[in-house]
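Student: One file: final-v3.cif (mmCIF, C-alpha atoms).
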```
data_my_file
#
loop_
_atom_site.label_atom_id
_atom_site.label_comp_id
_atom_site.auth_asym_id
_atom_site.auth_seq_id
_atom_site.Cartn_x
_atom_site.Cartn_y
_atom_site.Cartn_z
CA MET A 15 54.58 134.89 103.75
CA GLU A 16 54.14 138.64 104.19
CA ASP A 17 53.67 138.17 107.94
CA LEU A 18 56.84 136.05 108.09
CA LEU A 19 58.86 138.71 106.28
CA ALA A 20 57.45 141.47 108.50
CA ALA A 21 58.19 139.50 111.68
CA ARG A 22 61.72 138.72 110.53
CA ALA A 23 62.29 142.34 109.51
CA GLN A 24 61.09 143.63 112.87
CA MET A 25 63.22 141.15 114.80
CA ALA A 26 66.25 141.90 112.64
CA MET A 27 65.85 145.64 113.15
CA SER A 28 65.48 145.23 116.92
CA LEU A 29 68.52 142.97 117.14
CA ALA A 30 70.61 145.26 114.93
CA PHE A 31 69.76 148.21 117.17
CA HIS A 32 70.19 146.39 120.48
CA ILE A 33 73.50 144.71 119.62
CA ILE A 34 75.25 148.08 119.47
CA PHE A 35 74.25 148.96 123.02
CA ALA A 36 74.88 145.44 124.28
CA SER A 37 78.41 145.57 122.86
CA VAL A 38 79.08 148.92 124.51
CA GLY A 39 77.71 147.56 127.79
CA ILE A 40 80.18 144.68 127.57
CA ALA A 41 83.28 146.61 126.58
CA MET A 42 83.01 150.22 127.71
CA PRO A 43 83.51 149.36 131.41
CA LEU A 44 86.95 147.99 130.53
CA LEU A 45 88.05 151.42 129.33
CA MET A 46 86.78 153.22 132.42
CA VAL A 47 88.37 150.60 134.71
CA ILE A 48 91.72 150.99 132.94
CA ALA A 49 91.48 154.78 133.17
CA GLU A 50 90.65 154.73 136.88
CA GLY A 51 93.37 152.16 137.52
CA LEU A 52 95.91 154.44 135.88
CA TRP A 53 94.65 157.33 138.00
CA LEU A 54 95.10 155.27 141.17
CA ARG A 55 98.61 154.38 140.06
CA THR A 56 99.81 157.77 138.79
CA ASN A 57 97.56 160.35 140.52
CA ASP A 58 97.19 162.00 137.10
CA ASP A 59 93.80 163.72 137.20
CA THR A 60 93.44 163.41 133.43
CA TYR A 61 92.78 159.71 133.91
CA LEU A 62 90.18 160.52 136.57
CA THR A 63 88.41 162.83 134.12
CA LEU A 64 88.53 160.09 131.52
CA ALA A 65 87.03 157.51 133.88
CA LYS A 66 84.20 159.86 134.83
CA ARG A 67 83.36 160.77 131.24
CA TRP A 68 83.49 157.19 130.05
CA SER A 69 81.28 156.12 132.97
CA LYS A 70 78.67 158.65 131.80
CA GLY A 71 78.80 157.13 128.32
CA THR A 72 78.42 153.66 129.81
CA ALA A 73 75.37 154.79 131.80
CA ILE A 74 73.68 156.32 128.73
CA MET A 75 74.26 153.24 126.61
CA PHE A 76 73.19 150.96 129.48
CA ALA A 77 69.87 152.79 129.83
CA VAL A 78 69.05 152.66 126.13
CA GLY A 79 70.21 149.04 125.93
CA ALA A 80 67.82 148.17 128.77
CA VAL A 81 64.93 149.66 126.78
CA SER A 82 65.82 147.88 123.53
CA GLY A 83 66.47 144.63 125.39
CA THR A 84 63.02 144.82 126.98
CA VAL A 85 61.49 145.30 123.54
CA LEU A 86 63.30 142.19 122.31
CA SER A 87 62.00 140.09 125.19
CA PHE A 88 58.42 141.07 124.30
CA GLU A 89 59.03 140.42 120.60
CA LEU A 90 60.19 136.88 121.27
CA GLY A 91 56.82 136.05 122.75
CA LEU A 92 54.66 138.14 120.44
CA LEU A 93 56.33 137.39 117.10
CA TRP A 94 57.52 133.83 117.71
CA PRO A 95 54.99 132.20 120.09
CA THR A 96 55.45 128.67 118.73
CA PHE A 97 59.21 128.91 119.16
CA MET A 98 58.87 130.12 122.75
CA ALA A 99 56.24 127.48 123.56
CA HIS A 100 58.68 124.74 122.60
CA ALA A 101 62.06 126.28 123.42
CA GLY A 102 61.17 128.49 126.38
CA ARG A 103 61.83 125.75 128.93
CA ILE A 104 65.23 125.07 127.38
CA ILE A 105 66.59 128.60 126.95
CA GLY A 106 64.83 129.97 130.01
CA MET A 107 67.86 129.34 132.21
CA PRO A 108 70.39 131.42 130.23
CA PHE A 109 67.86 134.26 129.99
CA SER A 110 67.26 134.07 133.75
CA LEU A 111 71.00 134.14 134.39
CA GLU A 112 71.29 137.06 131.96
CA GLY A 113 68.75 138.90 134.10
CA LEU A 114 70.83 138.21 137.21
CA ALA A 115 74.00 139.46 135.51
CA PHE A 116 72.09 142.52 134.30
CA PHE A 117 71.03 143.38 137.86
CA ILE A 118 74.59 142.93 139.12
CA GLU A 119 75.80 145.27 136.40
CA ALA A 120 73.08 147.81 137.23
CA ILE A 121 73.75 147.77 140.98
CA PHE A 122 77.48 148.23 140.67
CA LEU A 123 77.09 150.82 137.92
CA GLY A 124 74.99 152.82 140.38
CA ILE A 125 77.74 152.50 142.99
CA TYR A 126 80.32 153.52 140.41
CA LEU A 127 78.40 156.56 139.20
CA TYR A 128 77.43 157.89 142.62
CA GLY A 129 80.22 156.49 144.75
CA TRP A 130 82.93 159.00 143.87
CA ASP A 131 84.32 160.32 147.20
CA ARG A 132 81.72 158.20 149.04
CA VAL A 133 83.52 154.85 149.10
CA PRO A 134 87.24 154.05 149.32
CA LYS A 135 89.06 154.48 146.01
CA LYS A 136 89.96 150.82 145.59
CA VAL A 137 86.42 149.75 146.46
CA HIS A 138 85.14 152.17 143.82
CA TRP A 139 87.53 150.68 141.27
CA LEU A 140 86.35 147.18 142.20
CA ALA A 141 82.76 148.32 141.59
CA GLY A 142 83.86 149.18 138.06
CA VAL A 143 85.35 145.70 137.69
CA MET A 144 82.00 144.23 138.75
CA VAL A 145 80.25 146.33 136.11
CA LEU A 146 82.67 144.88 133.57
CA LEU A 147 82.08 141.31 134.75
CA GLY A 148 78.30 141.76 134.94
CA GLY A 149 78.08 143.20 131.43
CA THR A 150 80.32 140.50 129.98
CA MET A 151 78.44 137.66 131.64
CA SER A 152 75.11 139.16 130.57
CA GLY A 153 76.23 139.03 126.95
CA ILE A 154 77.62 135.51 127.31
CA PHE A 155 74.39 134.09 128.72
CA VAL A 156 72.33 135.55 125.86
CA VAL A 157 74.76 134.23 123.25
CA THR A 158 74.53 130.71 124.72
CA ALA A 159 70.80 130.80 123.97
CA ASN A 160 71.49 131.80 120.37
CA ALA A 161 74.20 129.15 120.12
CA TRP A 162 71.63 126.57 121.17
CA MET A 163 69.46 127.59 118.22
CA ASN A 164 72.42 126.78 115.95
CA THR A 165 73.42 123.50 117.62
CA PRO A 166 70.49 122.38 119.78
CA THR A 167 71.26 119.85 122.54
CA GLY A 168 70.00 118.97 126.01
CA PHE A 169 66.65 117.36 125.17
CA THR A 170 64.86 114.43 123.60
CA TYR A 171 62.66 115.21 120.61
CA ILE A 172 59.54 113.04 120.46
CA ASP A 173 56.55 113.65 118.19
CA GLY A 174 57.35 117.31 117.72
CA THR A 175 57.88 117.97 121.43
CA PHE A 176 61.05 118.66 123.41
CA THR A 177 61.20 116.39 126.47
CA ASN A 178 63.80 115.22 129.03
CA ILE A 179 65.22 118.74 129.09
CA ASP A 180 68.68 119.33 130.53
CA PRO A 181 69.16 123.14 130.60
CA ILE A 182 72.83 122.88 131.55
CA ALA A 183 73.58 120.64 128.58
CA ALA A 184 71.62 123.05 126.39
CA MET A 185 73.72 125.99 127.59
CA LEU A 186 76.91 124.01 127.02
CA ASN A 187 75.96 123.13 123.45
CA PRO A 188 78.76 122.66 120.86
CA SER A 189 78.58 126.27 119.63
CA SER A 190 78.47 128.02 123.01
CA PHE A 191 82.17 128.48 123.63
CA SER A 192 83.07 129.56 120.11
CA GLN A 193 80.14 131.97 119.72
CA CYS A 194 80.59 133.50 123.19
CA LEU A 195 84.32 133.95 122.66
CA HIS A 196 83.87 135.45 119.19
CA MET A 197 81.11 137.86 120.26
CA THR A 198 82.85 139.00 123.45
CA ILE A 199 86.11 139.75 121.66
CA ALA A 200 84.13 141.48 118.89
CA ALA A 201 82.55 143.80 121.46
CA PHE A 202 85.91 144.83 122.95
CA LEU A 203 87.37 145.25 119.47
CA ALA A 204 84.48 147.36 118.19
CA VAL A 205 84.33 149.64 121.22
CA GLY A 206 88.11 150.01 121.37
CA PHE A 207 88.34 151.24 117.79
CA ALA A 208 85.16 153.33 118.01
CA VAL A 209 86.51 155.25 121.01
CA ALA A 210 90.00 155.45 119.50
CA GLY A 211 88.51 156.84 116.30
CA ILE A 212 86.59 159.53 118.17
CA HIS A 213 89.64 160.69 120.10
CA ALA A 214 91.79 160.45 116.96
CA TYR A 215 89.40 162.94 115.38
CA PHE A 216 89.83 165.36 118.27
CA LEU A 217 93.60 164.86 118.27
CA ARG A 218 93.75 165.99 114.66
CA ARG A 219 92.17 169.24 115.79
CA ASP A 220 94.29 169.56 118.94
CA PRO A 221 97.44 167.37 118.81
CA GLU A 222 98.68 168.67 122.17
CA SER A 223 95.59 167.69 124.17
CA SER A 224 96.70 165.50 127.06
CA PHE A 225 93.14 164.31 127.59
CA HIS A 226 92.68 163.00 124.05
CA ARG A 227 96.21 161.60 123.89
CA LYS A 228 95.64 159.46 126.97
CA ALA A 229 92.16 158.43 125.84
CA PHE A 230 93.47 157.53 122.39
CA ALA A 231 96.31 155.48 123.86
CA ILE A 232 93.99 153.43 126.08
CA ALA A 233 91.32 152.82 123.46
CA LEU A 234 93.76 152.02 120.67
CA SER A 235 95.64 149.58 122.90
CA VAL A 236 92.41 147.75 123.70
CA GLY A 237 91.36 147.70 120.04
CA ALA A 238 94.78 146.54 118.85
CA VAL A 239 95.01 143.67 121.36
CA PHE A 240 91.56 142.35 120.55
CA SER A 241 92.10 142.77 116.81
CA ILE A 242 94.88 140.18 117.11
CA LEU A 243 92.74 137.83 119.20
CA GLN A 244 89.68 138.01 116.96
CA PRO A 245 91.04 135.94 114.02
CA ILE A 246 91.87 133.17 116.49
CA SER A 247 88.31 133.13 117.83
CA GLY A 248 87.00 133.39 114.27
CA ASP A 249 88.97 130.31 113.28
CA ILE A 250 87.55 128.37 116.24
CA SER A 251 84.03 129.48 115.34
CA ALA A 252 84.43 128.62 111.65
CA LYS A 253 85.59 125.10 112.52
CA LYS A 254 82.47 124.59 114.64
CA VAL A 255 80.31 125.82 111.76
CA ALA A 256 82.09 123.45 109.37
CA LYS A 257 81.38 120.52 111.68
CA HIS A 258 77.83 121.26 112.79
CA GLN A 259 76.37 123.56 110.09
CA PRO A 260 78.10 122.68 106.80
CA VAL A 261 75.39 124.34 104.71
CA LYS A 262 76.07 127.65 106.50
CA LEU A 263 79.79 127.31 105.74
CA ALA A 264 78.97 126.61 102.10
CA ALA A 265 76.83 129.76 101.98
CA MET A 266 79.53 131.83 103.68
CA GLU A 267 82.01 130.80 101.02
CA ALA A 268 79.48 130.50 98.17
CA GLN A 269 80.68 126.91 97.66
CA TRP A 270 78.28 125.19 95.30
CA GLU A 271 80.07 121.94 94.53
CA THR A 272 81.17 119.32 97.03
CA GLU A 273 84.92 119.39 96.68
CA ASN A 274 88.11 117.98 98.14
CA GLY A 275 90.68 120.73 98.54
CA ALA A 276 88.10 123.52 98.32
CA PRO A 277 89.40 127.06 97.73
CA LEU A 278 88.91 130.08 99.98
CA ARG A 279 87.07 132.82 98.09
CA ILE A 280 87.74 136.52 98.38
CA GLY A 281 84.87 138.53 96.99
CA GLY A 282 82.79 137.02 94.24
CA ILE A 283 79.16 137.33 93.16
CA PRO A 284 76.97 134.28 93.90
CA ASP A 285 74.38 133.47 91.24
CA GLU A 286 71.72 131.40 92.99
CA GLU A 287 69.85 130.71 89.76
CA ASP A 288 72.82 129.27 87.87
CA GLU A 289 74.45 127.99 91.09
CA VAL A 290 77.87 129.48 90.44
CA THR A 291 80.03 132.18 92.02
CA ARG A 292 81.58 134.62 89.58
CA TYR A 293 84.59 136.95 89.80
CA ALA A 294 85.94 135.58 93.10
CA ILE A 295 89.64 135.48 93.89
CA GLU A 296 90.31 131.87 94.92
CA ILE A 297 93.11 130.64 97.18
CA PRO A 298 93.51 126.94 96.31
CA LYS A 299 92.69 124.42 99.06
CA ALA A 300 92.67 127.13 101.74
CA LEU A 301 89.04 126.57 102.82
CA SER A 302 89.59 122.86 103.37
CA PHE A 303 92.66 123.60 105.47
CA LEU A 304 91.01 126.33 107.54
CA ALA A 305 87.91 124.22 108.17
CA HIS A 306 89.58 120.87 108.88
CA PHE A 307 93.38 121.39 109.07
CA ASP A 308 93.63 119.26 105.95
CA PHE A 309 94.35 120.73 102.51
CA ASN A 310 92.44 117.88 100.86
CA ALA A 311 89.46 117.69 103.23
CA GLU A 312 86.00 117.49 101.73
CA ILE A 313 83.79 120.58 101.87
CA LYS A 314 80.12 119.95 101.18
CA GLY A 315 78.64 122.22 98.53
CA LEU A 316 75.26 123.90 98.47
CA LYS A 317 74.07 121.51 95.77
CA GLU A 318 74.07 118.75 98.40
CA TYR A 319 70.98 120.40 99.92
CA PRO A 320 67.54 121.02 98.44
CA PRO A 321 66.97 124.69 97.54
CA GLU A 322 64.33 124.99 100.27
CA ASP A 323 66.93 123.99 102.89
CA ARG A 324 69.55 126.52 101.81
CA PRO A 325 70.01 129.95 103.38
CA PRO A 326 69.97 133.07 101.16
CA VAL A 327 73.46 132.54 99.75
CA ALA A 328 74.17 136.04 98.47
CA ILE A 329 73.23 137.72 101.77
CA VAL A 330 75.30 135.32 103.86
CA HIS A 331 78.31 135.46 101.52
CA TYR A 332 78.37 139.27 101.28
CA ALA A 333 77.89 139.67 105.04
CA PHE A 334 80.75 137.27 105.73
CA GLN A 335 83.02 139.09 103.30
CA ILE A 336 82.17 142.46 104.90
CA MET A 337 82.89 141.10 108.38
CA VAL A 338 86.26 139.70 107.36
CA ALA A 339 87.23 142.85 105.44
CA CYS A 340 86.44 145.10 108.41
CA GLY A 341 88.42 142.82 110.69
CA MET A 342 91.45 142.84 108.41
CA VAL A 343 91.47 146.64 108.25
CA MET A 344 91.34 146.88 112.05
CA ILE A 345 94.14 144.34 112.38
CA ALA A 346 96.23 146.47 110.03
CA ALA A 347 95.42 149.60 112.05
CA GLY A 348 96.35 147.89 115.31
CA LEU A 349 99.61 146.42 114.06
CA LEU A 350 100.57 149.67 112.37
CA GLY A 351 99.82 151.60 115.55
CA GLY A 352 102.00 149.25 117.57
CA TRP A 353 104.86 149.61 115.10
CA LEU A 354 104.56 153.41 115.07
CA ALA A 355 104.43 153.53 118.88
CA TRP A 356 107.61 151.43 119.05
CA LYS A 357 109.32 153.55 116.41
CA ARG A 358 108.21 156.91 117.87
CA LYS A 359 108.71 155.79 121.48
CA GLY A 360 105.26 157.14 122.27
CA ILE A 361 101.68 157.57 121.11
CA PRO A 362 101.42 157.52 117.29
CA ILE A 363 99.84 160.88 116.43
CA ASP A 364 100.91 161.19 112.80
CA ARG A 365 98.04 162.99 111.07
CA TRP A 366 97.67 160.35 108.36
CA TYR A 367 97.50 157.63 110.99
CA LEU A 368 94.95 159.55 113.07
CA ARG A 369 92.86 159.94 109.91
CA PHE A 370 93.16 156.19 109.30
CA VAL A 371 92.00 155.33 112.83
CA THR A 372 89.15 157.83 112.57
CA CYS A 373 87.95 156.01 109.47
CA CYS A 374 88.17 152.73 111.40
CA ALA A 375 85.77 153.96 114.12
CA PRO A 376 82.59 152.35 112.71
CA LEU A 377 84.21 149.21 111.30
CA GLY A 378 83.90 147.13 114.46
CA PHE A 379 80.17 147.69 114.68
CA ILE A 380 79.74 147.10 110.95
CA ALA A 381 81.57 143.79 111.45
CA ILE A 382 79.29 142.88 114.39
CA GLU A 383 76.16 143.59 112.35
CA ALA A 384 77.55 141.59 109.43
CA GLY A 385 78.59 138.74 111.72
CA TRP A 386 75.14 138.48 113.25
CA THR A 387 73.67 138.49 109.76
CA VAL A 388 75.85 135.48 108.96
CA THR A 389 74.80 133.75 112.18
CA GLU A 390 71.07 134.34 111.85
CA VAL A 391 70.47 134.36 108.10
CA GLY A 392 72.93 131.50 107.64
CA ARG A 393 70.75 129.30 109.87
CA GLN A 394 67.67 129.81 107.71
CA PRO A 395 65.21 128.32 106.99
CA TRP A 396 65.50 127.03 110.56
CA VAL A 397 64.80 128.89 113.79
CA ILE A 398 65.99 125.80 115.69
CA TYR A 399 68.50 124.13 113.39
CA ASN A 400 67.08 120.94 111.86
CA TYR A 401 64.13 120.91 114.30
CA MET A 402 61.84 123.89 113.69
CA ARG A 403 61.48 126.04 110.61
CA THR A 404 61.17 129.79 110.97
CA ALA A 405 57.92 129.76 108.99
CA ASP A 406 56.40 127.39 111.55
CA ALA A 407 57.37 129.55 114.51
CA VAL A 408 55.96 132.91 113.44
CA THR A 409 52.86 134.46 114.97
CA PRO A 410 49.54 134.25 113.09
CA MET A 411 48.83 137.86 114.08
CA PRO A 412 48.09 139.94 110.95
CA ASN A 413 49.15 143.50 110.08
CA LEU A 414 52.68 143.29 111.46
CA VAL A 415 53.67 146.26 109.32
CA VAL A 416 52.09 148.63 111.88
CA PRO A 417 54.23 147.54 114.86
CA PHE A 418 57.26 147.41 112.55
CA LEU A 419 56.79 151.08 111.69
CA GLY A 420 56.11 151.92 115.33
CA PHE A 421 59.29 150.32 116.58
CA THR A 422 61.26 151.87 113.74
CA ILE A 423 60.13 155.32 114.89
CA LEU A 424 61.01 154.39 118.49
CA TYR A 425 64.53 153.34 117.53
CA ILE A 426 65.10 156.47 115.46
CA PHE A 427 63.93 158.59 118.41
CA LEU A 428 66.22 156.72 120.84
CA SER A 429 69.16 157.09 118.44
CA ILE A 430 68.66 160.86 118.29
CA ILE A 431 68.47 161.05 122.09
CA VAL A 432 71.68 159.02 122.44
CA VAL A 433 73.57 161.28 120.03
CA ILE A 434 72.41 164.42 121.85
CA LEU A 435 73.28 163.03 125.29
CA MET A 436 76.67 161.75 124.18
CA ARG A 437 77.59 165.10 122.67
CA ARG A 438 76.53 166.99 125.78
CA GLN A 439 77.87 164.66 128.44
CA ILE A 440 80.96 163.02 126.94
CA PHE A 441 82.46 164.91 124.05
CA GLN A 442 82.17 168.47 125.19
CA GLU A 443 85.40 170.39 124.83
#
```
Can you dump the structure from the file as structure tokens?
Tutor:
Amino acid sequence: MEDLLAARAQMAMSLAFHIIFASVGIAMPLLMVIAEGLWLRTNDDTYLTLAKRWSKGTAIMFAVGAVSGTVLSFELGLLWPTFMAHAGRIIGMPFSLEGLAFFIEAIFLGIYLYGWDRVPKKVHWLAGVMVLLGGTMSGIFVVTANAWMNTPTGFTYIDGTFTNIDPIAAMLNPSSFSQCLHMTIAAFLAVGFAVAGIHAYFLRRDPESSFHRKAFAIALSVGAVFSILQPISGDISAKKVAKHQPVKLAAMEAQWETENGAPLRIGGIPDEEDEVTRYAIEIPKALSFLAHFDFNAEIKGLKEYPPEDRPPVAIVHYAFQIMVACGMVMIAAGLLGGWLAWKRKGIPIDRWYLRFVTCCAPLGFIAIEAGWTVTEVGRQPWVIYNYMRTADAVTPMPNLVVPFLGFTILYIFLSIIVVILMRRQIFQE
């Protein structure tokens, strides 16, 4: 049991670290492409400066993400050998395609970084678009593999062995579209508000800075647009969870009893011993409607499942609540920014609003971490839902605490390096 906890802790730490850099690799190229496109259109050199600085940030995050991604690939084999022995043939294709997309992103990022004044301007801009596409597709292919773990398809299961494997059907499993859509939008949303928050901070110090005004306008626009799209993707994802993983939905909402017309809970403290949820604000019948478009639809409760088949309810419920709360705050920030821009006929630089956006800077990444907690912890005790338990997939290797501490030190060191490089290369005055 100690080895299982250590393996899960190490994998969770690695994923939590890597997802930040993966999200930036997906979304940051959009900002630099928009900035360069505006430079090509207006000949305003401020946009050119923006594109160059943001490309440096993309390169730094790409490099560190490559390191953390390599660590994850080793951990899959070292920590979960039984899982890889059975599932490797099935999820090998999306990981191979992710490698192809990664190389495309790397090649065109090299052209983008070193091609200034060496290739035609429009060709250089198109290289940035290819970086954007490569990063996005790289993330999508990885998420399809995770989606397969939630809704496994594309095989025949005979005597504990996966046979008759169809890797395309596995990639196109029932959760692929919803998870890929939700994660991709989350990346653009998180990066948009993170960058907007940083430039909002600098605008409070220097409200007349043309550089930070333009950067703030681009980043906030991206964050605001994707904040509106995210609830739509979240609704699609939740409906898939309700259909294919009802126990995860029950944990997300801390729903203990099977109920027609189940309420949507805001907050609340799940008590797994007494099997009740206390102090929640309940919206009558809202969960049934959101899950099935029917106010009286049945929602299965956690009591329908043996305790050993339930995920850790409190962790999943709190993580889901944190994700939703962060998303709602960013939606409010985006809508408010749009209203202020319309009212002011320009960039909203009211000091109170800039302070608000600055506070929103980390919320997107907090929501991503919380969302992945819901996805991964909510699937427990299964590593492959309904086919392989996590406890059966872990390595028999003892003393996993030592590599856990080693990788923790590595990630702390990389984080310090990233902060130093970003301060020197991107945010210098």
Student: Convert the output of the PyMOL selection byres ((chain A and resi 34-37) around 6) on the shown file into explicit residues, formatted as a PDB file with C-alpha atoms, keeping the file's coordinate frame.
Tutor:
```pdb
ATOM      1  CA  PHE A  31      69.760 148.210 117.170  1.00  0.00           C
ATOM      2  CA  HIS A  32      70.190 146.390 120.480  1.00  0.00           C
ATOM      3  CA  ILE A  33      73.500 144.710 119.620  1.00  0.00           C
ATOM      4  CA  VAL A  38      79.080 148.920 124.510  1.00  0.00           C
ATOM      5  CA  GLY A  39      77.710 147.560 127.790  1.00  0.00           C
ATOM      6  CA  ILE A  40      80.180 144.680 127.570  1.00  0.00           C
ATOM      7  CA  MET A  75      74.260 153.240 126.610  1.00  0.00           C
ATOM      8  CA  GLY A  79      70.210 149.040 125.930  1.00  0.00           C
ATOM      9  CA  ALA A 201      82.550 143.800 121.460  1.00  0.00           C
TER      10      ALA A 201
END
```
Student: Go through A:Asn57, A:Thr150, A:Gln259, A:Thr387 and flag the residue nearest Ala26 of chain A, using all atoms listed in the file for the distances.
Tutor: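 Selected residue with least distance to Ala26 of chain A: A:Thr387.
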Student: Report, in Å with one decimal, the straight-line distance from atom CA of Thr409 of chain A to atom CA of Pro95 of chain A.
Tutor: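 Computing it gives 6.0 Å between the two atoms.
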Student: I'd like to know which of A:Pro277, A:Gly237, A:Pro376, A:Pro321 is closest to Pro395 of chain A, using all atoms listed in the file.
Tutor: A:Pro321
Student: Determine the residue set returned by the PyMOL selection byres ((chain A and resi 153) around 9) for the present structure, and present it as a ChimeraX atom specification.
Tutor: /A:36-37,39-40,112,115,148-152,154-158,194,197-198
Student: For the file shown, report as a PDB file with C-alpha atoms, keeping the file's coordinate frame the outcome of the PyMOL selection byres ((chain A and resi 348) around 12) at residue level.
Tutor:
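out.pdb, written as the output of this step:
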```pdb
ATOM      1  CA  LEU A 203      87.370 145.250 119.470  1.00  0.00           C
ATOM      2  CA  GLY A 206      88.110 150.010 121.370  1.00  0.00           C
ATOM      3  CA  PHE A 207      88.340 151.240 117.790  1.00  0.00           C
ATOM      4  CA  ALA A 210      90.000 155.450 119.500  1.00  0.00           C
ATOM      5  CA  GLY A 211      88.510 156.840 116.300  1.00  0.00           C
ATOM      6  CA  ALA A 231      96.310 155.480 123.860  1.00  0.00           C
ATOM      7  CA  ALA A 233      91.320 152.820 123.460  1.00  0.00           C
ATOM      8  CA  LEU A 234      93.760 152.020 120.670  1.00  0.00           C
ATOM      9  CA  SER A 235      95.640 149.580 122.900  1.00  0.00           C
ATOM     10  CA  VAL A 236      92.410 147.750 123.700  1.00  0.00           C
ATOM     11  CA  GLY A 237      91.360 147.700 120.040  1.00  0.00           C
ATOM     12  CA  ALA A 238      94.780 146.540 118.850  1.00  0.00           C
ATOM     13  CA  VAL A 239      95.010 143.670 121.360  1.00  0.00           C
ATOM     14  CA  PHE A 240      91.560 142.350 120.550  1.00  0.00           C
ATOM     15  CA  SER A 241      92.100 142.770 116.810  1.00  0.00           C
ATOM     16  CA  ILE A 242      94.880 140.180 117.110  1.00  0.00           C
ATOM     17  CA  LEU A 243      92.740 137.830 119.200  1.00  0.00           C
ATOM     18  CA  GLY A 341      88.420 142.820 110.690  1.00  0.00           C
ATOM     19  CA  MET A 342      91.450 142.840 108.410  1.00  0.00           C
ATOM     20  CA  VAL A 343      91.470 146.640 108.250  1.00  0.00           C
ATOM     21  CA  MET A 344      91.340 146.880 112.050  1.00  0.00           C
ATOM     22  CA  ILE A 345      94.140 144.340 112.380  1.00  0.00           C
ATOM     23  CA  ALA A 346      96.230 146.470 110.030  1.00  0.00           C
ATOM     24  CA  ALA A 347      95.420 149.600 112.050  1.00  0.00           C
ATOM     25  CA  LEU A 349      99.610 146.420 114.060  1.00  0.00           C
ATOM     26  CA  LEU A 350     100.570 149.670 112.370  1.00  0.00           C
ATOM     27  CA  GLY A 351      99.820 151.600 115.550  1.00  0.00           C
ATOM     28  CA  GLY A 352     102.000 149.250 117.570  1.00  0.00           C
ATOM     29  CA  TRP A 353     104.860 149.610 115.100  1.00  0.00           C
ATOM     30  CA  LEU A 354     104.560 153.410 115.070  1.00  0.00           C
ATOM     31  CA  ALA A 355     104.430 153.530 118.880  1.00  0.00           C
ATOM     32  CA  PRO A 362     101.420 157.520 117.290  1.00  0.00           C
ATOM     33  CA  TYR A 367      97.500 157.630 110.990  1.00  0.00           C
ATOM     34  CA  LEU A 368      94.950 159.550 113.070  1.00  0.00           C
ATOM     35  CA  PHE A 370      93.160 156.190 109.300  1.00  0.00           C
ATOM     36  CA  VAL A 371      92.000 155.330 112.830  1.00  0.00           C
ATOM     37  CA  CYS A 374      88.170 152.730 111.400  1.00  0.00           C
TER      38      CYS A 374
END
```
Student: What separation in Å, quoted to one decimal, exists between atom CA of Gln269 of chain A and atom CA of Gly315 of chain A?
Tutor: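 Going from atom CA of Gln269 of chain A over to atom CA of Gly315 of chain A, I get 5.2 Å.
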Student: Considering only C-alpha atoms, return as a ChimeraX atom specification whatever protein or nucleic-acid residues lie within 12 Å of Thr165 of chain A, sequence-local ones (same chain, fewer than 6 positions apart) excluded.
Tutor: /A:158-159,183-193,254-260,389,393,396-401
Student: As a ChimeraX atom specification, please: the residues near Leu29 of chain A (cut-off 10 Å, all atoms listed in the file, same-chain neighbours under 4 positions excluded).
Tutor: /A:23-25,33-34,36,82-83,85-86,383,386
Student: Pick out the closest residue to Val391 of chain A from this set: A:Val133, A:Ala333, A:Val432, A:Leu377. Count only C-alpha atoms.
Tutor: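 Smallest separation from Val391 of chain A among the options: A:Ala333.
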Student: Point out the residue among A:Ser223, A:Gly385, A:Tyr171, A:Thr177 with the least atom-to-atom distance to Gly248 of chain A, counting only C-alpha atoms.
Tutor: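 The answer is A:Gly385, which sits nearest to Gly248 of chain A.
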Student: Keeping N, CA and C atoms, write segment 307-314 of chain A of the structure just shown out as a PDB file, in the first residue's frame.
Tutor:
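Below is the file part_26.pdb, written as the result:
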```pdb
ATOM      1  N   PHE A 307     -30.709  16.726 -19.401  1.00  0.00           N
ATOM      2  CA  PHE A 307     -31.726  17.592 -19.997  1.00  0.00           C
ATOM      3  C   PHE A 307     -33.137  17.203 -19.563  1.00  0.00           C
ATOM      4  N   ASP A 308     -33.241  16.693 -18.353  1.00  0.00           N
ATOM      5  CA  ASP A 308     -34.527  16.264 -17.821  1.00  0.00           C
ATOM      6  C   ASP A 308     -34.524  16.560 -16.322  1.00  0.00           C
ATOM      7  N   PHE A 309     -35.421  17.437 -15.882  1.00  0.00           N
ATOM      8  CA  PHE A 309     -35.450  17.829 -14.475  1.00  0.00           C
ATOM      9  C   PHE A 309     -35.743  16.655 -13.534  1.00  0.00           C
ATOM     10  N   ASN A 310     -36.347  15.601 -14.050  1.00  0.00           N
ATOM     11  CA  ASN A 310     -36.705  14.465 -13.208  1.00  0.00           C
ATOM     12  C   ASN A 310     -35.875  13.222 -13.494  1.00  0.00           C
ATOM     13  N   ALA A 311     -34.777  13.373 -14.228  1.00  0.00           N
ATOM     14  CA  ALA A 311     -33.931  12.230 -14.560  1.00  0.00           C
ATOM     15  C   ALA A 311     -33.291  11.646 -13.306  1.00  0.00           C
ATOM     16  N   GLU A 312     -33.032  10.354 -13.371  1.00  0.00           N
ATOM     17  CA  GLU A 312     -32.419   9.665 -12.240  1.00  0.00           C
ATOM     18  C   GLU A 312     -30.904   9.890 -12.230  1.00  0.00           C
ATOM     19  N   ILE A 313     -30.380  10.215 -11.067  1.00  0.00           N
ATOM     20  CA  ILE A 313     -28.937  10.314 -10.850  1.00  0.00           C
ATOM     21  C   ILE A 313     -28.563   9.236  -9.840  1.00  0.00           C
ATOM     22  N   LYS A 314     -27.661   8.351 -10.234  1.00  0.00           N
ATOM     23  CA  LYS A 314     -27.237   7.291  -9.328  1.00  0.00           C
ATOM     24  C   LYS A 314     -26.387   7.868  -8.201  1.00  0.00           C
TER      25      LYS A 314
END
```
